[in-house]
Amino acid sequence: MKRIRKNQRKSTAENPGGYFELCGTGKTFHRILKKEGEDMAEYYLAIDIGASSGRHILTHLEDGKMVLQEIHRFPNGMTEKDGRKVWDIDHLFAEVQIGMKKCAELGKIPVSVGIDTWAVDFVLLGKDGERITDAVAYRDSRTEGMDEKVYEIIPETELYARTGIQKQKFNTIYQLMAMKEQEPELLMQAKTFLMVPDYLHYLLTGVKAVEYTNATSSQLVNPVTKQWDKDLMEMLGYPAEIFPEIKVPGTCLGELTPEMQEKIGYNCKVIAPGTHDTASAVLAVPAEADEDTLYISSGTWSLMGTELMEANCTPEAQKHNFTNEGGYNYRFRFLKNIMGLWMIQSVKKEIGADLSFGEICDQASRETIASKVDCNDDRFLAPTNMTEEVQAACRESGQEVPVGIAQVASVVYNSLAECYGETCREIESLTGKTYGKIRIVGGGANAEYLNELTAKASGKAVYAGPTEGTAIGNLAAQMISRGALGSLEDARACIGKSFPIHIYQ
């Protein structure tokens with residue numbers, strides 16, 4: 001969009017002492033009220049939606065540093081519908097619009113907006129572009145046994161060699177098999193496949209496209225060509241024609257539709273960031289240009305890995321359950337999914353609702369219980385009661401059973417740290433490199449006790465921060481696209497000097 005401005009230096013009843021900004025393309029214009037003397041910084045808006053909440057974060061540059069402002073926050077979570085766990089996608093899009101409107105109310109109109117969410121989940125559109133399926137959540141049980149259905153067609157080892165993607169029973173490839181087995185009529189009716197952030201972008205722009213980093217999590221993308229593996233789709237009986245063109249992060253998808261402009265009150269570019277939240281978080285890792293880095297994107301999930309320029313699809317990588325998900329500039333996020341703070345979030349909700357996460361962390365640090373559990377055990381994916389599941393795992397393995405929030409949290413934190421340490425050693429073995437530090441981004445960077453345990457378990461220095469990693473990476477991709485930041489290296493250098501980093505030895 002070419003932005004056209006015209007200042008009208010006169011007072012009106014509608015805008016006393018101010019002026020109007022006219023924005024638009026071609027014959028489409030609308031007015032944005034401005035106040036005289038108002039900051040004319042160039043703003044970018046990240047809409048970062050996680051499994052439990054979403055938020056709108058604005059940024060602009062001041063003295064070469066990114067300055068963040070949270071504009072809107074809203075809850076998210078799975079709901080039950082027709083016996084399935086689903087995301088309320090209509091609620092999410094309503095919140096997307098509410099937060100965008102708040103930018104106008106503040107007089108801080110973004111030049112662009114981008115949305116990131118979790119991975120693997122999707123919707124299907126019919127012939128008129130309407131949604132014909134719910135956004136079924138990855139924690140739903142519909143994928144039980146679907147991995148074996150897939151392996152009847154293509155062996156697991158061959159599938160990994162072909163895609164490089166970690167085996168997780170909720171990957172899109174298994175969700176589509178569940179749909180083929182359970183609701184084949186919907187798959188036959190479908191004209192377009194869109195992952196969750198792609199669908200939200202479509203509602204804003206009318207453009208049907210799938211962004212690369214999230215597309216790779218489907219286990220249906222070739223890591224060499226970086227395109228859909230249509231031969232694999234044909235083997236599995238998935239209609240390849242419904243999968244739109246893959247776009248790289250930083251692609252401008254277009255502008256808001258006239259309808260959205262009317263609802264929100266302004267126009268702006270819509271730029272696809274790394275729509276997989278982990279891809280955006282990894283972009284925000286403030287590594288130096290020549291640094292081989294281990295990272296942990298720490299949130300509901302802990303994603304621990306390093307960046308590679310070529311996918312590692314070897315049997316050894318498969319044995320250790322590593323994935324090769326797409327990253328910015330066609331880098332690969334060679335990482336392992338670890339259950340993460342989902343376990344603490346669940347325990348807090350069950351037996352520590354009156355405590356903050358900081359208080360829980362502090363109480364856990366004073367406990368001496370030595371029990372540990374396997375954080376990657378599927379039993380912790382979606383248990384009826386996480387506290388009871390942790391206790392049962394300790395009991396079954398002959399360990400001391402934790403009682404109360406402090407002991408249960410201590411078991412979880414120590415178990416996570418042990419898993420981080422083991423994963424660190426696996427990465428070094430698989431890459432042949434020795435890493436001197438681990439960089440942690442995301443909300444988990446605030447968990448001081450966990451950071452201390454991680455440094456001890458790994459033998460590495462831990463650099464924690466920034467905590468808003470996903471939103472920052474989303475914003476950085478937009479700013480690189482527009483030219484406000486010159487490159488990935490420039491963005492990481494900017495991030496490193498913009499936000500505090502805490503070191504644990």
# chains A, B, ... in the order shown; residues from 1 in each chain; ligands from 1
$ closest_atom_pairs --of "stretch 314-343 of chain A" --to "stretch 248-261 of chain A" --cutoff "10 Å" --atoms "only C-alpha atoms" --output "CSV"
residue,atom,partner,partner_atom,distance
A:Gly326,CA,A:Val248,CA,9.6
A:Gly327,CA,A:Pro249,CA,8.4
A:Tyr328,CA,A:Pro249,CA,6.4
A:Asn329,CA,A:Pro249,CA,7.9
A:Tyr330,CA,A:Val248,CA,8.2
$ residues_around --residues "stretch 212-223 of chain A" --least-positions-apart "4" --cutoff "7 Å" --atoms "only C-alpha atoms" --output "list in words"
Ala119, Val120, Arg162, Thr163, Ile165, Asn171, Thr172, Ile173, Gln227, Trp228, Asp229, Ile246, Lys247, Val248, Pro249, Gly274, Thr275, His276, Ala279, Ala311, Glu325, Gly326 and Gly327 of chain A
$ select_by_dssp --residues "stretch 226-417 of chain A" --states "strand (DSSP E)" --output "PyMOL selection string"
chain A and resi 246-247+252-255+269-271+294-298+302-308+323-326+332-338
$ select_by_dssp --residues "stretch 24-108 of chain A" --states "helix (DSSP H, G or I)" --output "list in words"
Ile89, Asp90, His91, Leu92, Phe93, Ala94, Glu95, Val96, Gln97, Ile98, Gly99, Met100, Lys101, Lys102, Cys103, Ala104, Glu105 and Leu106 of chain A
$ residues_around --residues "A:Leu203" --least-positions-apart "4" --cutoff "12 Å" --atoms "only C-alpha atoms" --output "PyMOL selection string"
chain A and resi 89-90+92-94+96-97+115+125+129-131+194+196-199+207-209+253-261+270
$ write_last_selection --atoms "N, CA and C atoms" --output "PDB file, in the first residue's frame"
ATOM      1  N   ILE A  89     -12.480 -20.583  16.888  1.00  0.00           N
ATOM      2  CA  ILE A  89     -11.809 -19.737  15.911  1.00  0.00           C
ATOM      3  C   ILE A  89     -12.555 -18.424  15.680  1.00  0.00           C
ATOM      4  N   ASP A  90     -13.885 -18.445  15.818  1.00  0.00           N
ATOM      5  CA  ASP A  90     -14.648 -17.206  15.660  1.00  0.00           C
ATOM      6  C   ASP A  90     -14.341 -16.237  16.799  1.00  0.00           C
ATOM      7  N   LEU A  92     -11.516 -16.150  18.437  1.00  0.00           N
ATOM      8  CA  LEU A  92     -10.162 -15.652  18.215  1.00  0.00           C
ATOM      9  C   LEU A  92     -10.149 -14.511  17.210  1.00  0.00           C
ATOM     10  N   PHE A  93     -10.915 -14.657  16.127  1.00  0.00           N
ATOM     11  CA  PHE A  93     -10.900 -13.596  15.125  1.00  0.00           C
ATOM     12  C   PHE A  93     -11.597 -12.342  15.644  1.00  0.00           C
ATOM     13  N   ALA A  94     -12.611 -12.510  16.471  1.00  0.00           N
ATOM     14  CA  ALA A  94     -13.253 -11.337  17.091  1.00  0.00           C
ATOM     15  C   ALA A  94     -12.230 -10.585  17.945  1.00  0.00           C
ATOM     16  N   VAL A  96      -8.961 -10.655  17.527  1.00  0.00           N
ATOM     17  CA  VAL A  96      -8.012 -10.043  16.601  1.00  0.00           C
ATOM     18  C   VAL A  96      -8.484  -8.648  16.209  1.00  0.00           C
ATOM     19  N   GLN A  97      -9.771  -8.527  15.888  1.00  0.00           N
ATOM     20  CA  GLN A  97     -10.327  -7.243  15.463  1.00  0.00           C
ATOM     21  C   GLN A  97     -10.377  -6.242  16.616  1.00  0.00           C
ATOM     22  N   ILE A 115       0.229 -12.357  12.224  1.00  0.00           N
ATOM     23  CA  ILE A 115      -0.324 -13.256  13.249  1.00  0.00           C
ATOM     24  C   ILE A 115       0.514 -14.528  13.314  1.00  0.00           C
ATOM     25  N   LEU A 125     -11.757 -25.092   3.874  1.00  0.00           N
ATOM     26  CA  LEU A 125     -12.744 -24.185   3.287  1.00  0.00           C
ATOM     27  C   LEU A 125     -13.458 -24.884   2.141  1.00  0.00           C
ATOM     28  N   GLY A 129     -15.400 -20.430  -0.198  1.00  0.00           N
ATOM     29  CA  GLY A 129     -14.448 -19.830   0.725  1.00  0.00           C
ATOM     30  C   GLY A 129     -14.893 -19.849   2.168  1.00  0.00           C
ATOM     31  N   GLU A 130     -16.015 -20.520   2.449  1.00  0.00           N
ATOM     32  CA  GLU A 130     -16.492 -20.590   3.825  1.00  0.00           C
ATOM     33  C   GLU A 130     -15.837 -21.762   4.538  1.00  0.00           C
ATOM     34  N   ARG A 131     -15.708 -21.641   5.844  1.00  0.00           N
ATOM     35  CA  ARG A 131     -15.109 -22.707   6.638  1.00  0.00           C
ATOM     36  C   ARG A 131     -16.107 -23.842   6.804  1.00  0.00           C
ATOM     37  N   LEU A 194      -6.098 -24.521   5.112  1.00  0.00           N
ATOM     38  CA  LEU A 194      -5.364 -23.412   5.728  1.00  0.00           C
ATOM     39  C   LEU A 194      -5.067 -23.756   7.183  1.00  0.00           C
ATOM     40  N   VAL A 196      -4.144 -22.584  11.107  1.00  0.00           N
ATOM     41  CA  VAL A 196      -4.890 -21.601  11.896  1.00  0.00           C
ATOM     42  C   VAL A 196      -4.460 -20.164  11.628  1.00  0.00           C
ATOM     43  N   PRO A 197      -3.159 -19.803  11.687  1.00  0.00           N
ATOM     44  CA  PRO A 197      -2.814 -18.402  11.418  1.00  0.00           C
ATOM     45  C   PRO A 197      -3.078 -17.996   9.975  1.00  0.00           C
ATOM     46  N   ASP A 198      -2.942 -18.943   9.049  1.00  0.00           N
ATOM     47  CA  ASP A 198      -3.246 -18.648   7.644  1.00  0.00           C
ATOM     48  C   ASP A 198      -4.719 -18.302   7.470  1.00  0.00           C
ATOM     49  N   TYR A 199      -5.572 -19.006   8.218  1.00  0.00           N
ATOM     50  CA  TYR A 199      -7.007 -18.734   8.130  1.00  0.00           C
ATOM     51  C   TYR A 199      -7.327 -17.349   8.678  1.00  0.00           C
ATOM     52  N   VAL A 207      -6.878 -13.439   1.084  1.00  0.00           N
ATOM     53  CA  VAL A 207      -5.825 -14.149   0.363  1.00  0.00           C
ATOM     54  C   VAL A 207      -5.618 -15.527   0.993  1.00  0.00           C
ATOM     55  N   LYS A 208      -5.654 -16.572   0.158  1.00  0.00           N
ATOM     56  CA  LYS A 208      -5.456 -17.938   0.633  1.00  0.00           C
ATOM     57  C   LYS A 208      -4.003 -18.332   0.373  1.00  0.00           C
ATOM     58  N   ALA A 209      -3.249 -18.457   1.442  1.00  0.00           N
ATOM     59  CA  ALA A 209      -1.838 -18.843   1.333  1.00  0.00           C
ATOM     60  C   ALA A 209      -1.431 -19.516   2.629  1.00  0.00           C
ATOM     61  N   LEU A 253       1.105 -10.331   2.290  1.00  0.00           N
ATOM     62  CA  LEU A 253      -0.059 -11.022   1.747  1.00  0.00           C
ATOM     63  C   LEU A 253      -1.038 -10.062   1.086  1.00  0.00           C
ATOM     64  N   GLY A 254      -0.927  -8.779   1.412  1.00  0.00           N
ATOM     65  CA  GLY A 254      -1.846  -7.792   0.857  1.00  0.00           C
ATOM     66  C   GLY A 254      -2.265  -6.797   1.916  1.00  0.00           C
ATOM     67  N   GLU A 255      -3.407  -6.185   1.690  1.00  0.00           N
ATOM     68  CA  GLU A 255      -3.960  -5.212   2.626  1.00  0.00           C
ATOM     69  C   GLU A 255      -5.262  -5.754   3.195  1.00  0.00           C
ATOM     70  N   LEU A 256      -5.798  -5.050   4.152  1.00  0.00           N
ATOM     71  CA  LEU A 256      -7.095  -5.423   4.699  1.00  0.00           C
ATOM     72  C   LEU A 256      -8.166  -5.299   3.620  1.00  0.00           C
ATOM     73  N   THR A 257      -9.115  -6.201   3.635  1.00  0.00           N
ATOM     74  CA  THR A 257     -10.231  -6.097   2.704  1.00  0.00           C
ATOM     75  C   THR A 257     -11.033  -4.836   3.019  1.00  0.00           C
ATOM     76  N   PRO A 258     -11.784  -4.312   2.062  1.00  0.00           N
ATOM     77  CA  PRO A 258     -12.622  -3.145   2.350  1.00  0.00           C
ATOM     78  C   PRO A 258     -13.529  -3.367   3.556  1.00  0.00           C
ATOM     79  N   GLU A 259     -14.061  -4.575   3.697  1.00  0.00           N
ATOM     80  CA  GLU A 259     -14.925  -4.876   4.845  1.00  0.00           C
ATOM     81  C   GLU A 259     -14.160  -4.754   6.156  1.00  0.00           C
ATOM     82  N   MET A 260     -12.923  -5.269   6.185  1.00  0.00           N
ATOM     83  CA  MET A 260     -12.118  -5.176   7.399  1.00  0.00           C
ATOM     84  C   MET A 260     -11.702  -3.740   7.678  1.00  0.00           C
ATOM     85  N   GLN A 261     -11.385  -2.990   6.624  1.00  0.00           N
ATOM     86  CA  GLN A 261     -11.049  -1.578   6.816  1.00  0.00           C
ATOM     87  C   GLN A 261     -12.200  -0.840   7.491  1.00  0.00           C
ATOM     88  N   VAL A 270      -0.693  -6.632   5.578  1.00  0.00           N
ATOM     89  CA  VAL A 270      -0.684  -7.870   6.357  1.00  0.00           C
ATOM     90  C   VAL A 270       0.526  -8.663   5.890  1.00  0.00           C
TER      91      VAL A 270
END
$ atom_distance --atom1 "atom CA of A:Leu124" --atom2 "atom CA of A:Phe193"
4.8 Å
$ residues_around --residues "A:Asn76" --least-positions-apart "5" --cutoff "12 Å" --atoms "only C-alpha atoms" --output "list in words"
Asp48, Ile49, Gly50, Ala51, Ser52, Ser53, Gly54, Arg55, Val86, Trp87, Asp88, Ile89, Asp90, His91, Leu92, Phe93, Ala94, Glu95, Val96, Thr117, Trp118 and Ala137 of chain A
$ atom_distance --atom1 "atom CA of A:Ala135" --atom2 "atom CA of A:Asn474"
22.5 Å
$ closest_residue --among "A:Glu241, A:Glu156, A:Glu468, A:Glu183" --to "A:Ile501" --atoms "only C-alpha atoms"
A:Glu468
$ closest_atom_pairs --of "stretch 346-370 of chain A" --to "stretch 404-408 of chain A" --cutoff "9 Å" --atoms "only C-alpha atoms" --output "tab-separated table"
residue	atom	partner	partner_atom	distance
A:Val347	CA	A:Ile405	CA	7.4
A:Lys348	CA	A:Ile405	CA	7.5
A:Ile351	CA	A:Ile405	CA	6.2
A:Gly352	CA	A:Ile405	CA	6.1
A:Ile360	CA	A:Ala406	CA	6.4
A:Cys361	CA	A:Ala406	CA	8.0
A:Asp362	CA	A:Ala406	CA	8.5
A:Gln363	CA	A:Ala406	CA	5.2
A:Ala364	CA	A:Ala406	CA	4.5
A:Ser365	CA	A:Ala406	CA	8.2
A:Arg366	CA	A:Ala406	CA	8.2
A:Glu367	CA	A:Gln407	CA	6.3
A:Thr368	CA	A:Gln407	CA	8.2
A:Ile369	CA	A:Gln407	CA	6.7
$ write_last_selection --atoms "N, CA, C and O atoms" --output "PDB file, in the first residue's frame"
ATOM      1  N   VAL A 347      -0.717 -27.826  36.797  1.00  0.00           N
ATOM      2  CA  VAL A 347      -0.629 -28.027  38.248  1.00  0.00           C
ATOM      3  C   VAL A 347      -1.069 -26.770  38.993  1.00  0.00           C
ATOM      4  O   VAL A 347      -1.778 -26.842  40.005  1.00  0.00           O
ATOM      5  N   LYS A 348      -0.667 -25.610  38.501  1.00  0.00           N
ATOM      6  CA  LYS A 348      -1.083 -24.346  39.123  1.00  0.00           C
ATOM      7  C   LYS A 348      -2.603 -24.230  39.132  1.00  0.00           C
ATOM      8  O   LYS A 348      -3.217 -23.858  40.152  1.00  0.00           O
ATOM      9  N   ILE A 351      -3.965 -27.018  41.830  1.00  0.00           N
ATOM     10  CA  ILE A 351      -3.719 -26.935  43.280  1.00  0.00           C
ATOM     11  C   ILE A 351      -2.983 -25.661  43.707  1.00  0.00           C
ATOM     12  O   ILE A 351      -2.626 -25.529  44.886  1.00  0.00           O
ATOM     13  N   GLY A 352      -2.772 -24.722  42.780  1.00  0.00           N
ATOM     14  CA  GLY A 352      -2.053 -23.507  43.166  1.00  0.00           C
ATOM     15  C   GLY A 352      -2.602 -22.264  42.531  1.00  0.00           C
ATOM     16  O   GLY A 352      -1.851 -21.324  42.231  1.00  0.00           O
ATOM     17  N   ILE A 360       5.320 -19.940  42.930  1.00  0.00           N
ATOM     18  CA  ILE A 360       5.449 -21.393  42.800  1.00  0.00           C
ATOM     19  C   ILE A 360       6.911 -21.768  42.577  1.00  0.00           C
ATOM     20  O   ILE A 360       7.439 -22.706  43.191  1.00  0.00           O
ATOM     21  N   CYS A 361       7.588 -21.032  41.715  1.00  0.00           N
ATOM     22  CA  CYS A 361       8.994 -21.275  41.426  1.00  0.00           C
ATOM     23  C   CYS A 361       9.826 -21.136  42.701  1.00  0.00           C
ATOM     24  O   CYS A 361      10.703 -21.965  42.998  1.00  0.00           O
ATOM     25  N   ASP A 362       9.536 -20.101  43.466  1.00  0.00           N
ATOM     26  CA  ASP A 362      10.287 -19.849  44.695  1.00  0.00           C
ATOM     27  C   ASP A 362      10.063 -20.962  45.716  1.00  0.00           C
ATOM     28  O   ASP A 362      11.013 -21.442  46.349  1.00  0.00           O
ATOM     29  N   GLN A 363       8.832 -21.383  45.883  1.00  0.00           N
ATOM     30  CA  GLN A 363       8.535 -22.466  46.829  1.00  0.00           C
ATOM     31  C   GLN A 363       9.211 -23.769  46.393  1.00  0.00           C
ATOM     32  O   GLN A 363       9.767 -24.506  47.206  1.00  0.00           O
ATOM     33  N   ALA A 364       9.169 -24.046  45.088  1.00  0.00           N
ATOM     34  CA  ALA A 364       9.785 -25.273  44.586  1.00  0.00           C
ATOM     35  C   ALA A 364      11.289 -25.285  44.838  1.00  0.00           C
ATOM     36  O   ALA A 364      11.881 -26.349  45.107  1.00  0.00           O
ATOM     37  N   SER A 365      11.929 -24.119  44.780  1.00  0.00           N
ATOM     38  CA  SER A 365      13.385 -24.046  44.943  1.00  0.00           C
ATOM     39  C   SER A 365      13.822 -24.421  46.350  1.00  0.00           C
ATOM     40  O   SER A 365      15.010 -24.734  46.560  1.00  0.00           O
ATOM     41  N   ARG A 366      12.925 -24.416  47.323  1.00  0.00           N
ATOM     42  CA  ARG A 366      13.269 -24.745  48.704  1.00  0.00           C
ATOM     43  C   ARG A 366      12.996 -26.204  49.052  1.00  0.00           C
ATOM     44  O   ARG A 366      13.218 -26.630  50.178  1.00  0.00           O
ATOM     45  N   GLU A 367      12.486 -26.969  48.086  1.00  0.00           N
ATOM     46  CA  GLU A 367      12.203 -28.383  48.320  1.00  0.00           C
ATOM     47  C   GLU A 367      13.427 -29.242  48.006  1.00  0.00           C
ATOM     48  O   GLU A 367      14.271 -28.862  47.192  1.00  0.00           O
ATOM     49  N   THR A 368      13.503 -30.417  48.645  1.00  0.00           N
ATOM     50  CA  THR A 368      14.643 -31.322  48.438  1.00  0.00           C
ATOM     51  C   THR A 368      14.239 -32.659  47.833  1.00  0.00           C
ATOM     52  O   THR A 368      15.069 -33.547  47.693  1.00  0.00           O
ATOM     53  N   ILE A 369      12.960 -32.812  47.449  1.00  0.00           N
ATOM     54  CA  ILE A 369      12.498 -34.064  46.870  1.00  0.00           C
ATOM     55  C   ILE A 369      13.306 -34.380  45.606  1.00  0.00           C
ATOM     56  O   ILE A 369      13.533 -33.511  44.759  1.00  0.00           O
TER      57      ILE A 369
END
$ residues_around --residues "stretch 138-145 of chain A" --least-positions-apart "6" --cutoff "7 Å" --atoms "only C-alpha atoms" --output "PyMOL selection string"
chain A and resi 84-85+121+169-170+174-175+178+382
$ atom_distance --atom1 "atom CA of A:Leu475" --atom2 "atom CA of A:Val224"
27.5 Å
$ decode --residues "stretch 450-467 of chain A" --atoms "N, CA, C and O atoms" --output "PDB file, in the first residue's frame"
ATOM      1  N   LEU A 450      14.196 -22.663  37.408  1.00  0.00           N
ATOM      2  CA  LEU A 450      14.373 -23.564  36.269  1.00  0.00           C
ATOM      3  C   LEU A 450      15.632 -23.204  35.501  1.00  0.00           C
ATOM      4  O   LEU A 450      16.369 -24.092  35.035  1.00  0.00           O
ATOM      5  N   ASN A 451      15.921 -21.911  35.341  1.00  0.00           N
ATOM      6  CA  ASN A 451      17.138 -21.496  34.641  1.00  0.00           C
ATOM      7  C   ASN A 451      18.385 -21.968  35.387  1.00  0.00           C
ATOM      8  O   ASN A 451      19.363 -22.419  34.779  1.00  0.00           O
ATOM      9  N   GLU A 452      18.364 -21.862  36.711  1.00  0.00           N
ATOM     10  CA  GLU A 452      19.497 -22.336  37.512  1.00  0.00           C
ATOM     11  C   GLU A 452      19.674 -23.841  37.359  1.00  0.00           C
ATOM     12  O   GLU A 452      20.801 -24.339  37.208  1.00  0.00           O
ATOM     13  N   LEU A 453      18.565 -24.576  37.416  1.00  0.00           N
ATOM     14  CA  LEU A 453      18.626 -26.026  37.254  1.00  0.00           C
ATOM     15  C   LEU A 453      19.134 -26.409  35.866  1.00  0.00           C
ATOM     16  O   LEU A 453      19.886 -27.379  35.708  1.00  0.00           O
ATOM     17  N   THR A 454      18.729 -25.643  34.854  1.00  0.00           N
ATOM     18  CA  THR A 454      19.149 -25.925  33.478  1.00  0.00           C
ATOM     19  C   THR A 454      20.648 -25.728  33.310  1.00  0.00           C
ATOM     20  O   THR A 454      21.326 -26.537  32.658  1.00  0.00           O
ATOM     21  N   ALA A 455      21.185 -24.659  33.897  1.00  0.00           N
ATOM     22  CA  ALA A 455      22.631 -24.424  33.845  1.00  0.00           C
ATOM     23  C   ALA A 455      23.387 -25.576  34.504  1.00  0.00           C
ATOM     24  O   ALA A 455      24.405 -26.053  33.991  1.00  0.00           O
ATOM     25  N   LYS A 456      22.871 -26.039  35.633  1.00  0.00           N
ATOM     26  CA  LYS A 456      23.520 -27.137  36.350  1.00  0.00           C
ATOM     27  C   LYS A 456      23.433 -28.451  35.569  1.00  0.00           C
ATOM     28  O   LYS A 456      24.423 -29.184  35.446  1.00  0.00           O
ATOM     29  N   ALA A 457      22.245 -28.759  35.016  1.00  0.00           N
ATOM     30  CA  ALA A 457      22.041 -30.028  34.319  1.00  0.00           C
ATOM     31  C   ALA A 457      22.805 -30.090  33.003  1.00  0.00           C
ATOM     32  O   ALA A 457      23.203 -31.171  32.563  1.00  0.00           O
ATOM     33  N   SER A 458      23.003 -28.952  32.354  1.00  0.00           N
ATOM     34  CA  SER A 458      23.652 -28.926  31.038  1.00  0.00           C
ATOM     35  C   SER A 458      25.141 -28.629  31.102  1.00  0.00           C
ATOM     36  O   SER A 458      25.883 -28.946  30.163  1.00  0.00           O
ATOM     37  N   GLY A 459      25.570 -27.994  32.195  1.00  0.00           N
ATOM     38  CA  GLY A 459      26.955 -27.546  32.269  1.00  0.00           C
ATOM     39  C   GLY A 459      27.226 -26.346  31.380  1.00  0.00           C
ATOM     40  O   GLY A 459      28.386 -26.039  31.081  1.00  0.00           O
ATOM     41  N   LYS A 460      26.167 -25.660  30.946  1.00  0.00           N
ATOM     42  CA  LYS A 460      26.293 -24.500  30.057  1.00  0.00           C
ATOM     43  C   LYS A 460      25.826 -23.233  30.767  1.00  0.00           C
ATOM     44  O   LYS A 460      24.953 -23.278  31.644  1.00  0.00           O
ATOM     45  N   ALA A 461      26.369 -22.112  30.357  1.00  0.00           N
ATOM     46  CA  ALA A 461      25.825 -20.836  30.803  1.00  0.00           C
ATOM     47  C   ALA A 461      24.454 -20.637  30.153  1.00  0.00           C
ATOM     48  O   ALA A 461      24.272 -20.935  28.972  1.00  0.00           O
ATOM     49  N   VAL A 462      23.505 -20.156  30.916  1.00  0.00           N
ATOM     50  CA  VAL A 462      22.154 -19.920  30.421  1.00  0.00           C
ATOM     51  C   VAL A 462      21.928 -18.419  30.315  1.00  0.00           C
ATOM     52  O   VAL A 462      22.083 -17.686  31.296  1.00  0.00           O
ATOM     53  N   TYR A 463      21.566 -17.972  29.109  1.00  0.00           N
ATOM     54  CA  TYR A 463      21.238 -16.568  28.854  1.00  0.00           C
ATOM     55  C   TYR A 463      19.725 -16.479  28.674  1.00  0.00           C
ATOM     56  O   TYR A 463      19.192 -16.990  27.679  1.00  0.00           O
ATOM     57  N   ALA A 464      19.046 -15.864  29.621  1.00  0.00           N
ATOM     58  CA  ALA A 464      17.583 -15.845  29.631  1.00  0.00           C
ATOM     59  C   ALA A 464      17.037 -14.493  29.193  1.00  0.00           C
ATOM     60  O   ALA A 464      17.349 -13.458  29.771  1.00  0.00           O
ATOM     61  N   GLY A 465      16.219 -14.501  28.156  1.00  0.00           N
ATOM     62  CA  GLY A 465      15.588 -13.303  27.641  1.00  0.00           C
ATOM     63  C   GLY A 465      15.833 -13.176  26.139  1.00  0.00           C
ATOM     64  O   GLY A 465      16.784 -13.763  25.613  1.00  0.00           O
ATOM     65  N   PRO A 466      14.957 -12.442  25.450  1.00  0.00           N
ATOM     66  CA  PRO A 466      13.810 -11.714  25.994  1.00  0.00           C
ATOM     67  C   PRO A 466      12.619 -12.634  26.279  1.00  0.00           C
ATOM     68  O   PRO A 466      12.495 -13.701  25.682  1.00  0.00           O
ATOM     69  N   THR A 467      11.760 -12.186  27.192  1.00  0.00           N
ATOM     70  CA  THR A 467      10.613 -13.004  27.576  1.00  0.00           C
ATOM     71  C   THR A 467       9.494 -12.949  26.544  1.00  0.00           C
ATOM     72  O   THR A 467       8.690 -13.881  26.461  1.00  0.00           O
TER      73      THR A 467
END
